[in-house]
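Engineer: Can you keep this structure in mind? I'll have questions shortly.
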Amino acid sequence: MAGSIAIPESPRWLIDVGRNAEGLRVIADLHGGGDPAHPVVQMEYDEIVDKVTEERESGGDRTYAGMWKRYKRRVLLAMSSLAFAQLNGINVISYYAPRVFEEAGWIGRDAILMTGINSVIYLLSTIPTWVLVDRWGRRAILMSGAVVMALALVATGLWMRVDVAQTPSAVVICVIIFNAAFGYSWGPIPWLYPPECFLKPKEYLWRKWTRSLAKKNDRKDWMTLTIRIRSGIPSSEIMNLPDIDQQKMFKFV
């Protein structure tokens, strides 16, 4: 609660309600080290102003109901991805792991120790996703993680039901596999979906490329690409423009 006092207001909301100077200052603090004249700051500010102006002039419904009507499938995908990230059984393991281990046969400090080992492996399981997320894609990671989690959770229940001598060790292994599969898939990936669902290819290309150019102060290519994209030229045609350095384009796209 104390930390929330220092959180700045959303620059988009500030600009939307006419407090442009405050919005520019927030963007400058985030991207330009406090310098409102920084190219990245100006690019981000202009983009937000243009988008807000476009929405106002379109006269469309800007409520949540209007968003649902226009982007029903996108909203459903964004919401369901985060919902299923919480409805897959992870909270049982996260909150009640010591009790689960105790019921499986680990008593007292041993149950706490198994919980600690499980947490460390869970943390480490998030690291491979940094490399695989853009190689395998989001869907493949989510589906593979879901399969492993389902099998591990079912196996956990079966081992606890039969209650044999191997149950304590088997339950720990199954829970660790379940937690690691979540950390690799449904833990981080659903957070990528909402922004990617609502980001159009043209906007994605413009943001990523212009930011890289602005950081390098490559104003010629930056201005050329900005003008081309805002004029409505498809991304596939932008790649072949003679006045754009295609090697740098391929590096960042």
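Chain identifiers are assigned as A, B, and so on, following the order in which chains appear in the structure tokens; residues are numbered from 1 within each chain, and ligands are numbered from 1 in order of appearance.
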Residues near Thr156 of chain A, anyone? I mean within 8 Å using only C-alpha atoms, not counting same-chain ones fewer than 2 positions away, as a PyMOL selection string.
Structural biologist: chain A and resi 152-154+158-160+170-171+174-175
Engineer: Taking the DSSP assignment computed from this structure's backbone, write out as a JSON list (two decimals) with C-alpha atoms, in the first residue's frame all residues of segment 24-60 of chain A that belong to helix (DSSP H, G or I).
Structural biologist:
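Result file out-v6.json:
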```
[["chain", "number", "residue", "atom", "x", "y", "z"],
["A", 24, "LEU", "CA", 4.55, 13.79, -21.13],
["A", 25, "ARG", "CA", 6.40, 14.11, -17.83],
["A", 26, "VAL", "CA", 5.51, 10.53, -16.85],
["A", 27, "ILE", "CA", 6.69, 9.22, -20.22],
["A", 28, "ALA", "CA", 9.91, 11.21, -19.89],
["A", 29, "ASP", "CA", 10.57, 9.69, -16.47],
["A", 30, "LEU", "CA", 9.94, 6.19, -17.83],
["A", 31, "HIS", "CA", 11.82, 6.34, -21.13],
["A", 39, "PRO", "CA", 13.29, 10.92, -29.27],
["A", 40, "VAL", "CA", 11.79, 7.84, -27.61],
["A", 41, "VAL", "CA", 9.70, 10.04, -25.32],
["A", 42, "GLN", "CA", 8.43, 12.14, -28.22],
["A", 43, "MET", "CA", 7.61, 9.04, -30.26],
["A", 44, "GLU", "CA", 5.66, 7.45, -27.39],
["A", 45, "TYR", "CA", 3.88, 10.70, -26.59],
["A", 46, "ASP", "CA", 2.88, 11.33, -30.22],
["A", 47, "GLU", "CA", 1.61, 7.78, -30.54],
["A", 48, "ILE", "CA", -0.64, 8.10, -27.49],
["A", 49, "VAL", "CA", -1.93, 11.52, -28.53],
["A", 50, "ASP", "CA", -2.72, 10.25, -32.04],
["A", 51, "LYS", "CA", -4.54, 7.21, -30.67],
["A", 52, "VAL", "CA", -6.58, 9.23, -28.18],
["A", 53, "THR", "CA", -7.48, 11.77, -30.86],
["A", 54, "GLU", "CA", -8.46, 9.02, -33.29],
["A", 55, "GLU", "CA", -10.75, 7.42, -30.71],
["A", 56, "ARG", "CA", -12.40, 10.73, -29.90],
["A", 57, "GLU", "CA", -12.97, 11.67, -33.54],
["A", 58, "SER", "CA", -14.34, 8.25, -34.43]]
```
Engineer: Kindly indicate which residue among A:Pro168, A:Trp191, A:Val131, A:Ile141 lies nearest to Ile107 of chain A, using only C-alpha atoms for the distances.
Structural biologist: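 Among the listed residues, A:Pro168 lies closest to Ile107 of chain A.
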Engineer: Given the choices A:Met114, A:Cys197, A:Leu124, A:Ala6, which gets closest to Leu76 of chain A if the distance is worked out from only C-alpha atoms?
Structural biologist: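 Going through A:Met114, A:Cys197, A:Leu124, A:Ala6 one by one, the smallest distance to Leu76 of chain A is for A:Cys197.
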Engineer: Report, in Å to a single decimal, how far apart atom CA of Ala104 of chain A and atom CA of Thr167 of chain A are.
Structural biologist: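 Atom CA of Ala104 of chain A lies 6.3 Å from atom CA of Thr167 of chain A.
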Engineer: Which residue is closest to Tyr122 of chain A? Choose from A:Ala155, A:Arg73, A:Ile93, A:Ser4 and count only C-alpha atoms.
Structural biologist: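 Nearest to Tyr122 of chain A: A:Ile93.
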Engineer: So that I can check the surroundings of Met149 of chain A, please list as a list in words every protein, DNA and RNA residue that reaches within 10 Å of it, counting only C-alpha atoms and ignoring chain neighbours fewer than 6 positions away.
Structural biologist: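 The contact residues come out as Asn88, Gly89, Ile90, Met143, Ala155, Cys174, Val175, Ile177, Phe178, Asn179, Ala180, Ala181, Phe182, Ser185 and Trp186 of chain A.
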Engineer: Could the residues in this selection be saved with N, CA, C and O atoms as a PDB file, in the first residue's frame?
Structural biologist:
```
ATOM      1  N   ASN A  88      -6.105 -23.770 -12.742  1.00  0.00           N
ATOM      2  CA  ASN A  88      -5.491 -25.046 -13.130  1.00  0.00           C
ATOM      3  C   ASN A  88      -4.954 -25.835 -11.944  1.00  0.00           C
ATOM      4  O   ASN A  88      -4.261 -26.833 -12.121  1.00  0.00           O
ATOM      5  N   GLY A  89      -5.258 -25.386 -10.731  1.00  0.00           N
ATOM      6  CA  GLY A  89      -4.832 -26.112  -9.543  1.00  0.00           C
ATOM      7  C   GLY A  89      -3.571 -25.595  -8.895  1.00  0.00           C
ATOM      8  O   GLY A  89      -3.151 -26.108  -7.850  1.00  0.00           O
ATOM      9  N   ILE A  90      -2.966 -24.563  -9.466  1.00  0.00           N
ATOM     10  CA  ILE A  90      -1.695 -24.078  -8.930  1.00  0.00           C
ATOM     11  C   ILE A  90      -1.848 -23.486  -7.537  1.00  0.00           C
ATOM     12  O   ILE A  90      -0.935 -23.567  -6.704  1.00  0.00           O
ATOM     13  N   MET A 143       0.202 -25.496 -24.319  1.00  0.00           N
ATOM     14  CA  MET A 143      -0.374 -26.830 -24.484  1.00  0.00           C
ATOM     15  C   MET A 143       0.502 -27.903 -23.855  1.00  0.00           C
ATOM     16  O   MET A 143       0.006 -28.807 -23.168  1.00  0.00           O
ATOM     17  N   ALA A 155      -1.551 -37.938 -11.209  1.00  0.00           N
ATOM     18  CA  ALA A 155      -0.651 -38.890 -10.556  1.00  0.00           C
ATOM     19  C   ALA A 155      -0.529 -38.600  -9.061  1.00  0.00           C
ATOM     20  O   ALA A 155      -0.466 -39.529  -8.241  1.00  0.00           O
ATOM     21  N   CYS A 174       5.819 -35.690  -8.125  1.00  0.00           N
ATOM     22  CA  CYS A 174       4.690 -35.255  -8.959  1.00  0.00           C
ATOM     23  C   CYS A 174       4.370 -33.781  -8.747  1.00  0.00           C
ATOM     24  O   CYS A 174       4.094 -33.046  -9.705  1.00  0.00           O
ATOM     25  N   VAL A 175       4.408 -33.341  -7.493  1.00  0.00           N
ATOM     26  CA  VAL A 175       4.119 -31.930  -7.200  1.00  0.00           C
ATOM     27  C   VAL A 175       5.195 -31.029  -7.794  1.00  0.00           C
ATOM     28  O   VAL A 175       4.897 -29.962  -8.352  1.00  0.00           O
ATOM     29  N   ILE A 177       7.032 -31.665 -10.424  1.00  0.00           N
ATOM     30  CA  ILE A 177       6.821 -31.650 -11.876  1.00  0.00           C
ATOM     31  C   ILE A 177       5.654 -30.732 -12.233  1.00  0.00           C
ATOM     32  O   ILE A 177       5.728 -29.948 -13.190  1.00  0.00           O
ATOM     33  N   PHE A 178       4.576 -30.821 -11.459  1.00  0.00           N
ATOM     34  CA  PHE A 178       3.412 -29.959 -11.700  1.00  0.00           C
ATOM     35  C   PHE A 178       3.794 -28.486 -11.581  1.00  0.00           C
ATOM     36  O   PHE A 178       3.470 -27.667 -12.447  1.00  0.00           O
ATOM     37  N   ASN A 179       4.489 -28.149 -10.508  1.00  0.00           N
ATOM     38  CA  ASN A 179       4.867 -26.761 -10.276  1.00  0.00           C
ATOM     39  C   ASN A 179       5.838 -26.257 -11.337  1.00  0.00           C
ATOM     40  O   ASN A 179       5.749 -25.117 -11.799  1.00  0.00           O
ATOM     41  N   ALA A 180       6.792 -27.106 -11.719  1.00  0.00           N
ATOM     42  CA  ALA A 180       7.766 -26.712 -12.735  1.00  0.00           C
ATOM     43  C   ALA A 180       7.089 -26.503 -14.086  1.00  0.00           C
ATOM     44  O   ALA A 180       7.432 -25.572 -14.825  1.00  0.00           O
ATOM     45  N   ALA A 181       6.131 -27.366 -14.409  1.00  0.00           N
ATOM     46  CA  ALA A 181       5.406 -27.209 -15.671  1.00  0.00           C
ATOM     47  C   ALA A 181       4.610 -25.910 -15.683  1.00  0.00           C
ATOM     48  O   ALA A 181       4.514 -25.229 -16.709  1.00  0.00           O
ATOM     49  N   PHE A 182       4.046 -25.550 -14.538  1.00  0.00           N
ATOM     50  CA  PHE A 182       3.330 -24.276 -14.445  1.00  0.00           C
ATOM     51  C   PHE A 182       4.289 -23.101 -14.596  1.00  0.00           C
ATOM     52  O   PHE A 182       4.008 -22.134 -15.308  1.00  0.00           O
ATOM     53  N   SER A 185       5.142 -22.615 -18.202  1.00  0.00           N
ATOM     54  CA  SER A 185       4.089 -22.365 -19.193  1.00  0.00           C
ATOM     55  C   SER A 185       3.008 -21.401 -18.700  1.00  0.00           C
ATOM     56  O   SER A 185       3.020 -20.217 -19.043  1.00  0.00           O
ATOM     57  N   TRP A 186       2.083 -21.893 -17.896  1.00  0.00           N
ATOM     58  CA  TRP A 186       0.925 -21.097 -17.512  1.00  0.00           C
ATOM     59  C   TRP A 186       1.232 -20.019 -16.484  1.00  0.00           C
ATOM     60  O   TRP A 186       0.384 -19.167 -16.208  1.00  0.00           O
TER      61      TRP A 186
END
```
Engineer: Find the distance between atom CA of Ala85 of chain A and atom CA of Gly187 of chain A and write it in Å to one decimal.
Structural biologist: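 Computing it gives 6.5 Å between the two atoms.
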Engineer: In terms of the shortest atom-to-atom distance over only C-alpha atoms, which of A:Val172, A:Ile117, A:Leu123, A:Leu87 is closest to Phe101 of chain A?
Structural biologist: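 Result for the nearest residue to Phe101 of chain A: A:Val172.
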Engineer: Work out how far apart atom CA of Ala146 of chain A and atom CA of Gln166 of chain A are and give it in Å to one decimal.
Structural biologist: 25.5 Å
Engineer: Find the residue from A:Phe84, A:Trp106, A:Tyr95, A:Trp136 that sits nearest to Ser119 of chain A; use only C-alpha atoms when measuring.
Structural biologist: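 Of the candidates, the smallest distance to Ser119 of chain A is held by A:Tyr95.
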Engineer: Of the candidates A:Met1, A:Leu113, A:Ala165, A:Ile189, which one gets nearest to Arg139 of chain A if we count only C-alpha atoms?
Structural biologist: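 Comparing A:Met1, A:Leu113, A:Ala165, A:Ile189 against Arg139 of chain A, the winner is A:Ile189.
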